[in-house]
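Asker: Contents of query-v9.csv (CSV, C-alpha atoms):
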chain,number,residue,atom,x,y,z
A,7,MET,CA,-127.9,-47.4,161.4
A,8,ARG,CA,-127.0,-51.1,161.1
A,9,ILE,CA,-123.4,-52.3,161.7
A,10,ARG,CA,-121.7,-53.4,158.6
A,11,GLU,CA,-118.0,-53.4,159.4
A,12,LEU,CA,-116.0,-53.8,162.6
A,13,SER,CA,-112.3,-53.8,163.6
A,14,PHE,CA,-110.5,-54.4,166.8
A,15,SER,CA,-106.8,-53.7,167.6
A,16,LEU,CA,-104.6,-54.1,170.6
A,17,HIS,CA,-101.9,-51.7,171.6
A,18,ARG,CA,-99.4,-51.9,174.5
A,19,ILE,CA,-98.1,-48.4,175.5
A,20,SER,CA,-95.7,-47.6,178.4
A,21,PRO,CA,-97.0,-45.0,180.8
A,22,ALA,CA,-95.7,-41.5,180.2
A,23,THR,CA,-94.3,-41.5,183.8
A,24,PRO,CA,-93.3,-44.5,186.1
A,25,TRP,CA,-96.4,-46.1,187.7
A,26,GLN,CA,-96.1,-48.0,191.0
A,27,ASP,CA,-98.5,-47.9,193.9
A,28,ALA,CA,-98.8,-49.9,197.2
A,29,THR,CA,-99.9,-53.1,195.4
A,30,HIS,CA,-99.0,-53.0,191.7
A,31,LYS,CA,-96.3,-51.9,189.3
A,32,VAL,CA,-97.6,-51.0,185.8
A,33,THR,CA,-95.0,-51.5,183.0
A,34,GLY,CA,-97.5,-51.2,180.1
A,35,LEU,CA,-101.0,-50.1,179.5
A,36,GLU,CA,-103.0,-52.2,177.0
A,37,PHE,CA,-105.6,-50.4,175.0
A,38,ILE,CA,-108.2,-52.2,172.9
A,39,VAL,CA,-109.6,-50.0,170.1
A,40,ALA,CA,-112.9,-50.9,168.4
A,41,ARG,CA,-114.1,-49.2,165.2
A,42,LEU,CA,-117.4,-49.7,163.6
A,43,LYS,CA,-119.1,-48.5,160.4
A,44,THR,CA,-122.8,-48.7,159.6
A,45,MET,CA,-124.4,-49.4,156.2
A,46,SER,CA,-125.0,-45.7,155.8
A,47,GLY,CA,-121.3,-44.9,156.4
A,48,ALA,CA,-121.6,-43.6,160.0
A,49,THR,CA,-118.6,-44.4,162.1
A,50,GLY,CA,-117.7,-44.8,165.8
A,51,THR,CA,-114.6,-45.5,167.9
A,52,GLY,CA,-114.5,-47.2,171.3
A,53,PHE,CA,-111.9,-48.2,173.8
A,54,SER,CA,-111.1,-50.5,176.6
A,55,TYR,CA,-107.9,-51.0,178.6
A,56,THR,CA,-106.0,-53.1,181.1
A,57,VAL,CA,-103.1,-52.2,183.3
A,58,GLY,CA,-100.9,-54.9,181.7
A,59,VAL,CA,-102.8,-58.2,181.9
A,60,GLY,CA,-105.6,-59.5,179.8
A,61,GLY,CA,-105.6,-57.5,176.6
A,62,SER,CA,-105.2,-60.4,174.3
A,63,ALA,CA,-108.0,-62.3,176.0
A,64,ILE,CA,-110.3,-59.3,175.6
A,65,LEU,CA,-109.3,-59.0,171.9
A,66,ALA,CA,-110.1,-62.7,171.4
A,67,LEU,CA,-113.6,-62.3,173.0
A,68,LEU,CA,-114.3,-59.4,170.7
A,69,GLU,CA,-113.1,-61.1,167.5
A,70,ASP,CA,-114.1,-64.7,168.1
A,71,TYR,CA,-117.4,-64.3,170.0
A,72,CYS,CA,-118.8,-60.7,169.7
A,73,ALA,CA,-118.2,-59.6,166.1
A,74,GLY,CA,-120.5,-62.2,164.5
A,75,ILE,CA,-123.5,-61.3,166.6
A,76,LEU,CA,-123.0,-57.6,166.0
A,77,ALA,CA,-123.5,-57.9,162.3
A,78,GLY,CA,-126.6,-55.9,161.3
A,79,GLN,CA,-127.4,-54.6,164.8
A,80,ASN,CA,-128.9,-51.2,164.9
A,81,ILE,CA,-126.7,-48.6,166.7
A,82,GLY,CA,-129.8,-46.7,167.6
A,83,GLU,CA,-130.5,-49.4,170.2
A,84,PRO,CA,-127.5,-49.3,172.5
A,85,GLU,CA,-129.3,-50.9,175.4
A,86,ARG,CA,-130.4,-53.9,173.3
A,87,ILE,CA,-126.8,-54.3,171.9
A,88,TRP,CA,-125.3,-54.2,175.4
A,89,ARG,CA,-127.7,-56.8,176.7
A,90,LEU,CA,-127.2,-59.0,173.7
A,91,LEU,CA,-123.4,-59.0,174.3
A,92,PHE,CA,-123.7,-59.4,178.1
A,93,ASP,CA,-126.1,-62.4,177.8
A,94,HIS,CA,-123.8,-63.9,175.1
A,95,LEU,CA,-120.8,-63.7,177.5
A,96,HIS,CA,-122.5,-64.1,180.8
A,97,ARG,CA,-121.7,-67.8,181.4
A,98,THR,CA,-118.0,-67.0,181.5
A,99,GLY,CA,-118.6,-64.4,184.2
A,100,SER,CA,-120.6,-61.3,185.0
A,101,GLY,CA,-117.6,-58.9,185.0
A,102,GLY,CA,-113.9,-58.7,184.4
A,103,ILE,CA,-112.7,-59.3,180.8
A,104,ASN,CA,-116.4,-59.7,179.7
A,105,THR,CA,-117.4,-56.2,180.6
A,106,LEU,CA,-114.0,-54.8,179.5
A,107,ALA,CA,-114.7,-56.3,176.1
A,108,ILE,CA,-118.3,-55.0,175.9
A,109,ALA,CA,-117.1,-51.5,176.8
A,110,ALA,CA,-115.1,-51.1,173.6
A,111,ILE,CA,-118.2,-51.8,171.6
A,112,ASP,CA,-120.6,-49.8,173.7
A,113,ILE,CA,-118.4,-46.7,173.6
A,114,ALA,CA,-118.1,-47.0,169.8
A,115,VAL,CA,-121.9,-47.3,169.5
A,116,TRP,CA,-122.4,-44.1,171.6
A,117,ASP,CA,-119.7,-42.2,169.7
A,118,ALA,CA,-121.4,-43.1,166.4
A,119,LEU,CA,-124.9,-42.2,167.7
A,120,ALA,CA,-123.7,-38.8,169.0
A,121,ARG,CA,-121.9,-38.1,165.7
A,122,LEU,CA,-125.1,-39.0,163.8
A,123,GLN,CA,-127.0,-36.6,166.0
A,124,ASN,CA,-124.3,-34.0,165.4
A,125,VAL,CA,-124.0,-33.4,169.2
A,126,PRO,CA,-121.1,-33.9,171.7
A,127,LEU,CA,-121.2,-37.3,173.5
A,128,TRP,CA,-121.9,-35.7,176.9
A,129,ARG,CA,-125.1,-34.2,175.5
A,130,ALA,CA,-126.2,-37.4,173.9
A,131,LEU,CA,-125.7,-39.2,177.2
A,132,GLY,CA,-127.8,-36.7,179.2
A,133,GLY,CA,-126.3,-33.2,179.2
A,134,ALA,CA,-126.6,-32.4,182.9
A,135,LYS,CA,-123.8,-29.9,183.0
A,136,SER,CA,-121.2,-28.2,180.8
A,137,ARG,CA,-118.2,-28.2,183.1
A,138,ILE,CA,-116.7,-30.3,185.9
A,139,ARG,CA,-114.1,-29.8,188.5
A,140,GLY,CA,-111.0,-32.0,188.3
A,141,TYR,CA,-108.2,-33.2,190.4
A,142,GLY,CA,-104.6,-34.0,189.7
A,143,SER,CA,-103.8,-37.6,190.4
A,144,GLY,CA,-100.3,-39.0,190.7
A,145,ILE,CA,-98.7,-42.4,191.0
A,146,ASP,CA,-96.3,-41.0,193.5
A,147,LEU,CA,-96.0,-43.5,196.4
A,148,PHE,CA,-92.3,-43.9,196.1
A,149,MET,CA,-91.4,-40.3,195.6
A,150,THR,CA,-89.2,-38.7,198.2
A,151,PRO,CA,-90.9,-35.9,200.2
A,152,ASP,CA,-89.0,-33.3,198.1
A,153,GLU,CA,-90.1,-35.0,194.9
A,154,LEU,CA,-93.7,-35.2,196.1
A,155,GLY,CA,-93.6,-31.5,197.0
A,156,ASN,CA,-92.5,-30.7,193.4
A,157,HIS,CA,-95.2,-33.0,192.1
A,158,VAL,CA,-97.9,-31.2,194.1
A,159,ARG,CA,-96.6,-27.8,193.1
A,160,GLY,CA,-97.0,-28.8,189.5
A,161,TYR,CA,-100.7,-29.5,190.1
A,162,LEU,CA,-101.2,-26.2,191.8
A,163,GLN,CA,-99.5,-24.3,188.9
A,164,GLN,CA,-102.1,-25.9,186.6
A,165,GLY,CA,-104.9,-24.4,188.8
A,166,TYR,CA,-106.2,-27.6,190.4
A,167,GLN,CA,-108.2,-27.1,193.6
A,168,ALA,CA,-108.0,-30.8,194.5
A,169,VAL,CA,-104.9,-33.1,194.6
A,170,LYS,CA,-104.7,-36.8,195.2
A,171,ILE,CA,-101.6,-38.6,196.6
A,172,LYS,CA,-100.9,-42.2,197.3
A,173,VAL,CA,-100.7,-43.7,200.8
A,174,GLY,CA,-99.7,-47.1,202.0
A,175,ARG,CA,-96.0,-46.9,202.8
A,176,VAL,CA,-94.7,-49.5,205.2
A,177,LYS,CA,-94.4,-47.1,208.1
A,178,LEU,CA,-97.3,-44.9,209.3
A,179,SER,CA,-94.7,-42.1,209.9
A,180,GLU,CA,-93.8,-42.1,206.2
A,181,ASP,CA,-97.5,-41.7,205.2
A,182,LEU,CA,-97.9,-38.9,207.7
A,183,GLU,CA,-94.8,-37.1,206.3
A,184,ARG,CA,-96.4,-37.3,202.9
A,185,LEU,CA,-99.7,-35.9,204.1
A,186,HIS,CA,-97.8,-33.1,205.9
A,187,VAL,CA,-95.9,-32.1,202.8
A,188,ALA,CA,-99.1,-32.1,200.6
A,189,ARG,CA,-101.3,-30.3,203.1
A,190,GLU,CA,-98.7,-27.6,203.7
A,191,LEU,CA,-98.5,-26.9,200.0
A,192,ILE,CA,-102.1,-27.0,199.0
A,193,GLY,CA,-103.3,-25.0,202.1
A,194,PRO,CA,-106.5,-25.4,204.1
A,195,ASP,CA,-109.0,-24.6,201.3
A,196,ARG,CA,-108.0,-27.0,198.6
A,197,GLN,CA,-109.0,-30.7,198.8
A,198,LEU,CA,-106.5,-33.4,199.6
A,199,LEU,CA,-107.5,-36.9,198.4
A,200,LEU,CA,-105.8,-40.1,199.5
A,201,ASP,CA,-105.5,-43.5,197.6
A,202,ALA,CA,-104.4,-46.6,199.4
A,203,ASN,CA,-104.8,-49.1,196.5
A,204,GLN,CA,-106.3,-51.9,198.7
A,205,CYS,CA,-103.2,-52.4,200.8
A,206,TRP,CA,-104.6,-52.7,204.3
A,207,THR,CA,-106.6,-55.0,206.6
A,208,VAL,CA,-109.5,-53.4,208.4
A,209,ALA,CA,-107.6,-52.9,211.6
A,210,GLU,CA,-104.7,-51.3,209.7
A,211,ALA,CA,-107.1,-49.0,207.8
A,212,ILE,CA,-108.8,-47.8,211.0
A,213,GLN,CA,-105.4,-47.0,212.6
A,214,ARG,CA,-104.2,-45.1,209.5
A,215,ALA,CA,-107.4,-43.3,209.0
A,216,ARG,CA,-107.5,-42.0,212.5
A,217,ALA,CA,-104.0,-40.8,212.2
A,218,PHE,CA,-104.8,-39.1,208.9
A,219,GLU,CA,-107.9,-37.2,210.2
A,220,PRO,CA,-106.0,-34.0,211.4
A,221,TYR,CA,-105.0,-33.4,207.7
A,222,GLN,CA,-108.7,-33.4,206.8
A,223,PRO,CA,-108.7,-35.6,203.6
A,224,ALA,CA,-111.7,-35.2,201.4
A,225,TRP,CA,-111.7,-39.0,200.9
A,226,LEU,CA,-109.7,-42.2,201.5
A,227,GLU,CA,-109.9,-44.3,198.4
A,228,GLU,CA,-109.7,-48.1,198.2
A,229,PRO,CA,-108.3,-48.7,201.7
A,230,LEU,CA,-109.3,-52.4,201.5
A,231,ALA,CA,-109.8,-55.2,199.0
A,232,PRO,CA,-113.0,-54.4,196.9
A,233,GLU,CA,-114.6,-57.7,197.9
A,234,ASP,CA,-114.7,-56.7,201.6
A,235,VAL,CA,-117.9,-54.7,201.6
A,236,SER,CA,-118.5,-55.2,205.3
A,237,GLY,CA,-115.0,-54.1,206.1
A,238,HIS,CA,-115.5,-50.8,204.2
A,239,ALA,CA,-118.7,-50.3,206.3
A,240,ARG,CA,-116.8,-50.9,209.5
A,241,LEU,CA,-114.1,-48.5,208.6
A,242,ARG,CA,-116.5,-45.8,207.5
A,243,ALA,CA,-118.2,-46.0,210.9
A,244,MET,CA,-114.8,-45.6,212.6
A,245,THR,CA,-113.5,-42.5,210.8
A,246,SER,CA,-114.6,-39.0,209.8
A,247,ILE,CA,-112.8,-39.4,206.5
A,248,PRO,CA,-115.2,-40.1,203.6
A,249,ILE,CA,-114.6,-43.5,201.9
A,250,ALA,CA,-114.3,-43.7,198.1
A,251,ALA,CA,-114.4,-47.0,196.2
A,252,GLY,CA,-115.6,-48.6,193.0
A,253,GLU,CA,-112.8,-48.6,190.5
A,254,SER,CA,-112.4,-52.4,191.0
A,255,LEU,CA,-116.1,-53.2,190.7
A,256,TYR,CA,-117.6,-54.4,187.5
A,257,THR,CA,-121.4,-54.7,187.8
A,258,ALA,CA,-124.3,-52.6,189.1
A,259,PRO,CA,-125.2,-55.2,191.8
A,260,GLN,CA,-121.7,-54.9,193.2
A,261,PHE,CA,-122.2,-51.2,193.6
A,262,ALA,CA,-125.6,-51.7,195.1
A,263,GLN,CA,-124.0,-53.9,197.8
A,264,TYR,CA,-121.8,-51.0,198.9
A,265,LEU,CA,-124.7,-48.6,199.0
A,266,ARG,CA,-127.0,-51.0,200.9
A,267,ALA,CA,-124.2,-51.6,203.4
A,268,GLY,CA,-123.5,-47.9,204.0
A,269,ALA,CA,-119.9,-48.6,203.0
A,270,VAL,CA,-119.1,-45.7,200.7
A,271,ASP,CA,-119.4,-42.0,200.4
A,272,VAL,CA,-118.1,-41.6,196.8
A,273,LEU,CA,-118.6,-44.2,194.0
A,274,GLN,CA,-115.8,-44.5,191.4
A,275,PRO,CA,-117.1,-46.6,188.5
A,276,ASP,CA,-114.6,-47.1,185.8
A,277,ILE,CA,-116.2,-46.7,182.4
A,278,ALA,CA,-114.3,-49.6,180.8
A,279,ARG,CA,-114.5,-52.0,183.7
A,280,VAL,CA,-118.3,-51.7,184.1
A,281,GLY,CA,-118.9,-52.2,180.4
A,282,GLY,CA,-119.2,-48.8,178.8
A,283,TYR,CA,-121.5,-45.8,179.1
A,284,THR,CA,-124.8,-47.8,179.0
A,285,PRO,CA,-124.2,-49.5,182.4
A,286,TRP,CA,-122.2,-46.5,183.8
A,287,LYS,CA,-125.2,-44.3,183.5
A,288,LYS,CA,-127.3,-46.8,185.5
A,289,ILE,CA,-124.7,-47.0,188.2
A,290,ALA,CA,-124.7,-43.2,188.4
A,291,ALA,CA,-128.5,-43.2,188.7
A,292,LEU,CA,-128.3,-45.8,191.4
A,293,ALA,CA,-125.8,-43.6,193.3
A,294,GLU,CA,-128.0,-40.6,192.8
A,295,ALA,CA,-130.9,-42.5,194.4
A,296,TRP,CA,-128.7,-42.9,197.5
A,297,ASN,CA,-127.6,-39.3,197.4
A,298,VAL,CA,-124.0,-40.4,196.6
A,299,PRO,CA,-121.8,-38.6,194.1
A,300,VAL,CA,-119.8,-40.4,191.4
A,301,ALA,CA,-116.2,-39.7,190.4
A,302,PRO,CA,-115.1,-42.2,187.8
A,303,HIS,CA,-111.6,-43.8,187.7
A,304,PHE,CA,-109.1,-43.0,185.0
A,305,LEU,CA,-109.8,-42.6,181.2
A,306,ALA,CA,-110.1,-38.8,181.7
A,307,GLU,CA,-111.2,-37.9,178.2
A,308,LEU,CA,-114.0,-40.4,178.3
A,309,SER,CA,-114.9,-39.8,181.9
A,310,LEU,CA,-115.3,-36.1,181.2
A,311,HIS,CA,-118.3,-36.9,179.0
A,312,ALA,CA,-119.8,-39.2,181.6
A,313,LEU,CA,-119.5,-36.7,184.4
A,314,CYS,CA,-121.1,-33.9,182.4
A,315,ALA,CA,-124.0,-36.3,181.5
A,316,VAL,CA,-125.3,-36.9,185.0
A,317,PRO,CA,-126.4,-34.6,187.9
A,318,ASN,CA,-124.3,-36.2,190.6
A,319,GLY,CA,-120.9,-36.1,188.8
A,320,LEU,CA,-118.3,-34.9,191.4
A,321,LEU,CA,-114.7,-34.8,190.2
A,322,LEU,CA,-112.7,-35.7,187.1
A,323,GLU,CA,-109.5,-37.7,187.7
A,324,ASN,CA,-106.6,-36.7,185.5
A,325,VAL,CA,-103.8,-39.2,186.1
A,326,THR,CA,-100.3,-37.9,185.4
A,327,GLY,CA,-99.0,-39.8,182.4
A,328,GLY,CA,-102.2,-41.6,181.8
A,329,SER,CA,-104.4,-39.4,179.5
A,330,PHE,CA,-104.8,-40.2,175.9
A,331,PHE,CA,-103.0,-37.0,175.0
A,332,GLU,CA,-100.0,-37.7,177.3
A,333,LEU,CA,-99.7,-41.2,175.9
A,334,GLY,CA,-99.7,-39.8,172.4
A,335,MET,CA,-102.9,-41.5,171.3
A,336,THR,CA,-104.6,-38.2,170.4
A,337,ASP,CA,-103.5,-34.7,169.5
A,338,THR,CA,-106.1,-33.0,171.7
A,339,PRO,CA,-104.8,-31.8,175.0
A,340,LEU,CA,-106.9,-32.2,178.2
A,341,GLU,CA,-106.3,-29.0,180.1
A,342,PRO,CA,-107.9,-27.6,183.3
A,343,HIS,CA,-109.0,-24.0,183.5
A,344,ASP,CA,-108.6,-23.0,187.2
A,345,GLY,CA,-109.2,-26.6,188.1
A,346,VAL,CA,-112.3,-27.0,185.8
A,347,PHE,CA,-112.6,-29.1,182.7
A,348,LEU,CA,-114.9,-28.2,179.7
A,349,PRO,CA,-116.1,-31.1,177.6
A,350,PRO,CA,-115.5,-31.0,173.8
A,351,ASP,CA,-118.1,-29.1,171.8
A,352,VAL,CA,-117.8,-31.4,168.7
A,353,PRO,CA,-119.9,-34.4,167.7
A,354,GLY,CA,-119.1,-37.6,169.5
A,355,HIS,CA,-116.3,-38.0,172.0
A,356,GLY,CA,-114.0,-35.8,169.9
A,357,LEU,CA,-110.9,-38.0,170.1
A,358,ASN,CA,-108.9,-37.8,166.9
A,359,LEU,CA,-106.5,-40.8,167.2
A,360,ASN,CA,-102.9,-40.5,166.2
A,361,ARG,CA,-102.6,-43.5,163.9
A,362,GLU,CA,-98.8,-43.2,163.8
A,363,VAL,CA,-98.4,-43.7,167.5
A,364,LEU,CA,-101.0,-46.5,167.7
A,365,ASP,CA,-99.4,-48.3,164.8
A,366,ARG,CA,-96.0,-48.1,166.6
A,367,TRP,CA,-97.4,-49.8,169.7
A,368,GLN,CA,-99.7,-52.1,167.9
A,369,VAL,CA,-99.7,-55.8,169.0
A,370,HIS,CA,-102.6,-56.9,166.7
A,371,PRO,CA,-103.8,-55.2,163.5
A,372,GLY,CA,-107.2,-53.8,163.2
A,373,GLU,CA,-108.4,-53.9,159.6
A,374,LEU,CA,-112.1,-53.1,159.1
A,375,ARG,CA,-113.8,-56.3,157.9
A,376,ALA,CA,-117.2,-56.7,156.4
A,377,LEU,CA,-119.7,-58.7,158.4
A,378,ASP,CA,-122.3,-61.1,157.1
A,379,THR,CA,-125.5,-59.1,157.8
A,380,SER,CA,-127.9,-61.2,155.7
A,381,THR,CA,-129.5,-63.0,158.6
A,382,HIS,CA,-130.0,-59.7,160.6
A,383,LEU,CA,-131.9,-57.7,158.0
Can the structure from this file be put into structure tokens for me?

Answerer:
Amino acid sequence: MRIRELSFSLHRISPATPWQDATHKVTGLEFIVARLKTMSGATGTGFSYTVGVGGSAILALLEDYCAGILAGQNIGEPERIWRLLFDHLHRTGSGGINTLAIAAIDIAVWDALARLQNVPLWRALGGAKSRIRGYGSGIDLFMTPDELGNHVRGYLQQGYQAVKIKVGRVKLSEDLERLHVARELIGPDRQLLLDANQCWTVAEAIQRARAFEPYQPAWLEEPLAPEDVSGHARLRAMTSIPIAAGESLYTAPQFAQYLRAGAVDVLQPDIARVGGYTPWKKIAALAEAWNVPVAPHFLAELSLHALCAVPNGLLLENVTGGSFFELGMTDTPLEPHDGVFLPPDVPGHGLNLNREVLDRWQVHPGELRALDTSTHL
């Protein structure tokens, strides 16, 4: 059960489709892959990512500062390993690249544990449900109305009962045209979700939200900068549209601030950004205590396990062009069945990596290296 070997590699992969929202253009996704092997030969693979900035810094943290203290650690103690890493890195910040680095290790630890138990990861994490509804999510802000219409039709053909589109065009009339196109196509009974990517002030958000209300969105996501907790609370009090937030938060206390302030209806913790499954489960439990559902951001194949592990999992986000399968990282497709996703029924997270694709996009090699475990036995 003790860690004997570790490797870390960095890969920069172009999105399978163009990605640009109201505040950011993504030209390359950076994936950090962690692999571990125990003294008994058990293996696990973990991941972290960035949307183009910081991958090499995360890699340096892992190789220069984390690898040494992981030697000989027992993967049967994921909570202790997580705390050991967090305390080691904490003086350089409580979140950001620190938690992104820890996530790669934490996910690898949980994958190895589930594989040792011969159970799917979602069962090892809690096993609350065996299926979860999903939604089609597009980076579509600069599509024409006709292009957006075709995009939404594609989701409906896949059986989705919920669709998310971007908002945040310069003119309110342009946003309203987009909502009209989407609502006309999906009809009154499917859910329409909106994502503003932090592009407004509070006053602008209130104006837009009130204009959007006739289209009955199921949520308005990240209307403001994530640091503006009170602004989210003010907006929530001024609109009937539920507010979703959390993909840009990194620690449980940050999520607690939103809950205490009455600033959010749906929490969206990103598994990599919060530091892996160990803290993600705590955030989900915190949300459950406030009777708030969770709908994690991105990383669909990994988020599927998290959502099926907890009782308050709401919806799985499947971003067009962003799944491991669409990026070519794995040969296992992620497919909805009438808008519902079923988690893998194989040990661990079930992701078989395509080494040829990863090697093609590799920035830094990831050879397994033996660790000095003598002082940890």

Asker: I need the residue nearest Asn358 of chain A from this list: A:Cys72, A:Val300, A:Met335, A:Val158. Use only C-alpha atoms for the distance.

Answerer: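 Comparing A:Cys72, A:Val300, A:Met335, A:Val158 against Asn358 of chain A, the winner is A:Met335.
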
Asker: For Arg366 of chain A, work out the shell of residues within 10 Å, counting only C-alpha atoms and skipping chain neighbours fewer than 2 positions away, then give it as a ChimeraX atom specification.

Answerer: /A:17-19,361-364,368-369

Asker: For Gly252 of chain A, which of A:Leu310, A:Ile9, A:Leu273, A:Leu76 is the closest residue, counting all atoms listed in the file?

Answerer: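 Of all the options, A:Leu273 lies closest to Gly252 of chain A.
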
Asker: Taking only C-alpha atoms into account, name the residue in A:Glu153, A:Glu190, A:Asp27, A:Glu36 that is nearest to Trp367 of chain A.

Answerer: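 Looking only at the distances to Trp367 of chain A, the closest residue turns out to be A:Glu36.
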
Asker: Pick out the closest residue to Ser246 of chain A from this set: A:Val176, A:Leu226, A:Leu333, A:Met149. Count all atoms listed in the file.

Answerer: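 Using all atoms listed in the file, the shortest distance to Ser246 of chain A belongs to A:Leu226.
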
Asker: Place a sphere of radius 12 Å on (-94.7, -41.0, 186.6) in the file coordinates and name every protein, DNA or RNA residue with an atom inside or on its surface, counting all atoms listed in the file; give the answer as a VMD selection string.

Answerer: chain A and resid 20 to 27 31 to 33 143 to 149 153 to 154 157 325 to 328 332 to 333

Asker: Sort by chain and increasing residue number a table of all residues of segment 17-41 of chain A within 10 Å of segment 199-209 of chain A, each with its closest pair of atoms and their distance in Å to one decimal, counting only C-alpha atoms, and write it as CSV.

Answerer:
residue,atom,partner,partner_atom,distance
A:Asp27,CA,A:Asn203,CA,6.9
A:Ala28,CA,A:Asn203,CA,6.1
A:Thr29,CA,A:Cys205,CA,6.4
A:His30,CA,A:Asn203,CA,8.5

Asker: Would you please work out which residue, of A:Gly101, A:Leu162, A:Gly334, A:Ile113, is nearest to Pro259 of chain A when using all atoms listed in the file?

Answerer: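 Closest to Pro259 of chain A, using all atoms listed in the file: A:Gly101.
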
Asker: List the neighbours of Ala73 of chain A out to 9 Å using all atoms listed in the file; skip same-chain residues closer than 4 positions along the sequence, and give me the result as JSON, numbers by chain.

Answerer: {"A": [12, 13, 67, 68, 69, 77, 377]}

Asker: Any idea what the distance is between atom CA of Arg10 of chain A and atom CA of Ala114 of chain A?

Answerer: 13.4 Å

Asker: I'd like the interatomic distance between atom CA of Ala231 of chain A and atom CA of Ala211 of chain A, to a tenth of an Å.

Answerer: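 Here the two named atoms are 11.1 Å from each other.
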
Asker: Extract, using all atoms listed in the file, all DNA, RNA and protein residues at most 12 Å from Asn104 of chain A, discarding same-chain residues fewer than 6 positions from it, and format them as a VMD selection string.

Answerer: chain A and resid 54 60 to 61 63 to 68 71 to 72 88 91 to 98 110 to 111 256 to 257 278 to 282

Asker: Which distance in Å separates atom CA of Asp195 of chain A and atom CA of Val270 of chain A, to one decimal?

Answerer: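 Here the two named atoms are 23.4 Å from each other.
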
Asker: What would segment 276-289 of chain A look like with N, CA and C atoms restored, written as a short mmCIF file (atom, residue, chain, number, x, y, z; two decimals), in the coordinates of the input?

Answerer:
data_model
loop_
_atom_site.label_atom_id
_atom_site.label_comp_id
_atom_site.auth_asym_id
_atom_site.auth_seq_id
_atom_site.Cartn_x
_atom_site.Cartn_y
_atom_site.Cartn_z
N ASP A 276 -115.48 -47.25 186.90
CA ASP A 276 -114.60 -47.10 185.80
C ASP A 276 -115.37 -47.46 184.50
N ILE A 277 -115.40 -46.54 183.53
CA ILE A 277 -116.20 -46.70 182.40
C ILE A 277 -115.94 -48.01 181.62
N ALA A 278 -114.66 -48.36 181.48
CA ALA A 278 -114.30 -49.60 180.80
C ALA A 278 -114.64 -50.82 181.58
N ARG A 279 -114.33 -50.81 182.86
CA ARG A 279 -114.50 -52.00 183.70
C ARG A 279 -115.98 -52.37 183.88
N VAL A 280 -116.86 -51.38 183.88
CA VAL A 280 -118.30 -51.70 184.10
C VAL A 280 -118.97 -52.05 182.77
N GLY A 281 -118.29 -51.84 181.63
CA GLY A 281 -118.90 -52.20 180.40
C GLY A 281 -119.34 -51.10 179.47
N GLY A 282 -118.87 -49.88 179.71
CA GLY A 282 -119.20 -48.80 178.80
C GLY A 282 -120.18 -47.79 179.44
N TYR A 283 -120.66 -46.87 178.61
CA TYR A 283 -121.50 -45.80 179.10
C TYR A 283 -122.93 -46.31 179.45
N THR A 284 -123.41 -47.34 178.77
CA THR A 284 -124.80 -47.80 179.00
C THR A 284 -124.94 -48.25 180.49
N PRO A 285 -124.08 -49.14 181.03
CA PRO A 285 -124.20 -49.50 182.40
C PRO A 285 -123.71 -48.39 183.38
N TRP A 286 -122.73 -47.60 182.90
CA TRP A 286 -122.20 -46.50 183.80
C TRP A 286 -123.30 -45.56 184.16
N LYS A 287 -124.15 -45.21 183.22
CA LYS A 287 -125.20 -44.30 183.50
C LYS A 287 -126.20 -44.88 184.56
N LYS A 288 -126.43 -46.19 184.50
CA LYS A 288 -127.30 -46.80 185.50
C LYS A 288 -126.69 -46.81 186.88
N ILE A 289 -125.39 -47.03 186.94
CA ILE A 289 -124.70 -47.00 188.20
C ILE A 289 -124.75 -45.58 188.80
#
